[in-house]
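File shown: entry-v9.cif (mmCIF, C-alpha atoms).
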```
data_data
#
loop_
_atom_site.group_PDB
_atom_site.id
_atom_site.type_symbol
_atom_site.label_atom_id
_atom_site.label_comp_id
_atom_site.auth_asym_id
_atom_site.auth_seq_id
_atom_site.Cartn_x
_atom_site.Cartn_y
_atom_site.Cartn_z
ATOM 1 C CA GLN A 1 -58.652 -125.452 43.560
ATOM 2 C CA VAL A 2 -59.053 -123.646 46.852
ATOM 3 C CA GLN A 3 -62.402 -123.999 48.552
ATOM 4 C CA LEU A 4 -63.734 -122.601 51.793
ATOM 5 C CA VAL A 5 -67.126 -124.036 52.641
ATOM 6 C CA GLU A 6 -69.125 -122.632 55.535
ATOM 7 C CA SER A 7 -71.864 -124.554 57.283
ATOM 8 C CA GLY A 8 -73.921 -124.409 60.468
ATOM 9 C CA GLY A 9 -76.023 -121.347 59.796
ATOM 10 C CA GLY A 10 -79.738 -121.273 60.374
ATOM 11 C CA LEU A 11 -82.602 -119.720 62.274
ATOM 12 C CA VAL A 12 -82.330 -119.324 66.035
ATOM 13 C CA GLN A 13 -84.154 -117.382 68.710
ATOM 14 C CA ALA A 14 -82.475 -114.514 70.477
ATOM 15 C CA GLY A 15 -80.374 -115.811 73.329
ATOM 16 C CA GLY A 16 -79.647 -119.048 71.519
ATOM 17 C CA SER A 17 -76.448 -120.484 70.101
ATOM 18 C CA LEU A 18 -75.066 -121.613 66.768
ATOM 19 C CA LYS A 19 -71.727 -123.046 65.715
ATOM 20 C CA LEU A 20 -70.379 -122.221 62.288
ATOM 21 C CA THR A 21 -67.717 -124.321 60.609
ATOM 22 C CA CYS A 22 -65.508 -123.447 57.663
ATOM 23 C CA GLN A 23 -63.902 -126.404 55.912
ATOM 24 C CA ALA A 24 -60.848 -125.570 53.820
ATOM 25 C CA SER A 25 -59.386 -127.549 50.946
ATOM 26 C CA GLY A 26 -56.841 -126.955 48.223
ATOM 27 C CA LEU A 27 -54.496 -124.846 50.364
ATOM 28 C CA THR A 28 -51.847 -125.367 53.039
ATOM 29 C CA PHE A 29 -54.215 -124.442 55.812
ATOM 30 C CA ARG A 30 -51.638 -124.020 58.578
ATOM 31 C CA TYR A 31 -50.021 -121.127 56.674
ATOM 32 C CA TYR A 32 -53.193 -119.045 56.625
ATOM 33 C CA VAL A 33 -54.624 -116.638 59.164
ATOM 34 C CA MET A 34 -58.332 -117.399 59.369
ATOM 35 C CA LYS A 35 -61.050 -114.827 59.915
ATOM 36 C CA TRP A 36 -64.818 -114.576 60.051
ATOM 37 C CA PHE A 37 -66.729 -111.663 58.584
ATOM 38 C CA ARG A 38 -70.423 -110.946 58.291
ATOM 39 C CA GLN A 39 -72.680 -108.839 56.141
ATOM 40 C CA ALA A 40 -76.166 -107.776 57.130
ATOM 41 C CA PRO A 41 -78.715 -106.604 54.554
ATOM 42 C CA GLY A 42 -77.954 -103.076 53.393
ATOM 43 C CA LYS A 43 -74.700 -102.927 55.342
ATOM 44 C CA GLU A 44 -71.043 -103.346 54.528
ATOM 45 C CA ARG A 45 -69.191 -106.535 55.303
ATOM 46 C CA GLU A 46 -67.628 -106.318 58.758
ATOM 47 C CA TYR A 47 -64.934 -108.165 60.630
ATOM 48 C CA VAL A 48 -66.082 -110.540 63.361
ATOM 49 C CA ALA A 49 -63.112 -112.558 64.593
ATOM 50 C CA GLY A 50 -59.681 -113.811 63.616
ATOM 51 C CA VAL A 51 -57.179 -116.470 64.706
ATOM 52 C CA THR A 52 -53.451 -116.773 64.030
ATOM 53 C CA ILE A 53 -51.912 -119.677 62.152
ATOM 54 C CA ASP A 54 -51.176 -121.685 65.281
ATOM 55 C CA GLY A 55 -54.370 -120.742 67.064
ATOM 56 C CA GLY A 56 -52.414 -118.983 69.759
ATOM 57 C CA ARG A 57 -53.929 -115.551 69.363
ATOM 58 C CA LYS A 58 -57.535 -114.612 68.778
ATOM 59 C CA ASN A 59 -59.158 -111.294 68.127
ATOM 60 C CA TYR A 60 -62.787 -110.205 68.197
ATOM 61 C CA ALA A 61 -64.903 -107.263 67.179
ATOM 62 C CA GLU A 62 -66.226 -105.407 70.198
ATOM 63 C CA SER A 63 -69.786 -106.277 69.243
ATOM 64 C CA VAL A 64 -69.184 -110.019 69.669
ATOM 65 C CA LYS A 65 -66.528 -110.122 72.365
ATOM 66 C CA ASP A 66 -67.425 -112.432 75.262
ATOM 67 C CA ARG A 67 -70.192 -114.048 73.186
ATOM 68 C CA PHE A 68 -68.356 -115.583 70.205
ATOM 69 C CA THR A 69 -65.350 -117.901 70.203
ATOM 70 C CA ILE A 70 -63.156 -118.651 67.199
ATOM 71 C CA SER A 71 -61.097 -121.835 67.014
ATOM 72 C CA ARG A 72 -59.129 -123.705 64.411
ATOM 73 C CA ASP A 73 -58.004 -127.274 63.842
ATOM 74 C CA ASN A 74 -54.991 -127.458 61.542
ATOM 75 C CA VAL A 75 -55.299 -131.223 61.195
ATOM 76 C CA ARG A 76 -58.929 -131.137 60.080
ATOM 77 C CA ARG A 77 -58.374 -127.827 58.253
ATOM 78 C CA THR A 78 -61.371 -126.220 59.871
ATOM 79 C CA VAL A 79 -62.113 -122.961 61.609
ATOM 80 C CA THR A 80 -65.184 -122.656 63.786
ATOM 81 C CA LEU A 81 -67.156 -119.804 65.265
ATOM 82 C CA GLN A 82 -69.145 -120.646 68.372
ATOM 83 C CA MET A 83 -71.826 -118.016 68.784
ATOM 84 C CA ASN A 84 -73.639 -117.740 72.105
ATOM 85 C CA SER A 85 -76.199 -115.268 73.451
ATOM 86 C CA LEU A 86 -77.196 -114.385 69.917
ATOM 87 C CA LYS A 87 -78.921 -111.080 69.297
ATOM 88 C CA PHE A 88 -81.213 -109.912 66.530
ATOM 89 C CA GLU A 89 -78.422 -107.671 65.273
ATOM 90 C CA ASP A 90 -76.203 -110.708 64.702
ATOM 91 C CA THR A 91 -78.421 -111.594 61.740
ATOM 92 C CA ALA A 92 -76.205 -111.651 58.656
ATOM 93 C CA VAL A 93 -74.469 -113.811 56.114
ATOM 94 C CA TYR A 94 -71.271 -115.087 57.715
ATOM 95 C CA TYR A 95 -68.150 -115.623 55.628
ATOM 96 C CA CYS A 96 -64.820 -117.195 56.408
ATOM 97 C CA LYS A 97 -61.654 -115.819 54.911
ATOM 98 C CA ALA A 98 -58.149 -117.219 54.581
ATOM 99 C CA GLU A 99 -55.211 -114.782 54.447
ATOM 100 C CA GLY A 100 -51.811 -116.071 53.442
ATOM 101 C CA MET A 101 -48.927 -115.241 55.774
ATOM 102 C CA GLY A 102 -46.508 -112.790 54.157
ATOM 103 C CA SER A 103 -48.451 -112.658 50.911
ATOM 104 C CA ASN A 104 -51.443 -110.938 49.389
ATOM 105 C CA THR A 105 -53.192 -114.238 48.842
ATOM 106 C CA GLU A 106 -56.691 -114.425 50.220
ATOM 107 C CA TYR A 107 -59.718 -116.596 49.733
ATOM 108 C CA TRP A 108 -63.372 -116.264 50.717
ATOM 109 C CA GLY A 109 -66.104 -118.784 51.327
ATOM 110 C CA GLN A 110 -69.562 -118.479 49.848
ATOM 111 C CA GLY A 111 -71.198 -117.605 53.153
ATOM 112 C CA THR A 112 -73.829 -119.078 55.430
ATOM 113 C CA GLN A 113 -76.974 -117.306 56.590
ATOM 114 C CA VAL A 114 -77.569 -116.727 60.289
ATOM 115 C CA THR A 115 -80.973 -115.383 61.243
ATOM 116 C CA VAL A 116 -81.791 -114.467 64.833
ATOM 117 C CA SER A 117 -85.444 -113.933 65.658
ATOM 118 C CA SER A 118 -86.305 -111.467 68.373
#
```
Render the structure in this file as structure tokens.
Amino acid sequence: QVQLVESGGGLVQAGGSLKLTCQASGLTFRYYVMKWFRQAPGKEREYVAGVTIDGGRKNYAESVKDRFTISRDNVRRTVTLQMNSLKFEDTAVYYCKAEGMGSNTEYWGQGTQVTVSS
């Protein structure tokens, strides 16, 4: 079955860095657009970043632009989110999502907690 497993979350001080990894299995990874979302307590889930199937185009929410970098490795079937200059407001559960090209197929990971102390 399809699995997306996030890892790399944790507690970090403001200004610090974390790198999240999403490991995919059970799907043809190179056919999926990969995205990161996050959900803070009491708030709706929001888009963070996305990368096209070949890694050629990347897109970021304004709130993380110039601080976060999304990358993918189609051989290892991973997508990563390098997060630098972390702020208290980046505290959330971070989820990766796979969206099938030309289809309505989508899958979500279980999430990983990122906590930034001020």
Counting only C-alpha atoms, the residue among A:Thr105, A:Ser117, A:Thr112, A:Ser85 that lies closest to Val2 (chain A) is A:Thr105
Quick one: of A:Val5, A:Arg77, A:Leu27, A:Lys35, who's nearest to Tyr60 (chain A), counting all atoms listed in the file?
A:Lys35
Compile the contact shell of Val75 (chain A) as a PyMOL selection string: residues with an atom at most 9 Å away, counting only C-alpha atoms, same-chain residues fewer than 3 positions apart removed.
chain A and resi 29-30+78
Near-region 11-26 of chain A list (9 Å; all atoms listed in the file; drop same-chain fewer than 2 positions) as a ChimeraX atom specification
/A:1-9,28-29,76-88,94-98,109,112-118
For Arg57 (chain A), the nearest of the candidates A:Val33, A:Met101, A:Lys43, A:Asp73, counting all atoms listed in the file:
A:Val33
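CA of Trp36 (chain A) lies 11.9 Å from CA of Gln110 (chain A).
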Run the PyMOL selection byres ((chain A and resi 102) around 12) on the file and write out the hits as a ChimeraX atom specification.
/A:31-33,53,99-101,103-106
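A straight line drawn from CA of Trp108 (chain A) to CA of Val64 (chain A) is 20.8 Å long.
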Close residues, Ala61 (chain A) itself excluded, 10 Å, only C-alpha atoms, min 6 positions apart in chain, as a PyMOL selection string
chain A and resi 37+46-50+68
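What separates CA of Ile70 (chain A) from CA of Gly55 (chain A) is a distance of 9.0 Å.
Run against this file, the PyMOL selection byres ((chain A and resi 92) around 6) gives back Arg38, Gln39, Ala40, Thr91, Val93 and Val114 of chain A.
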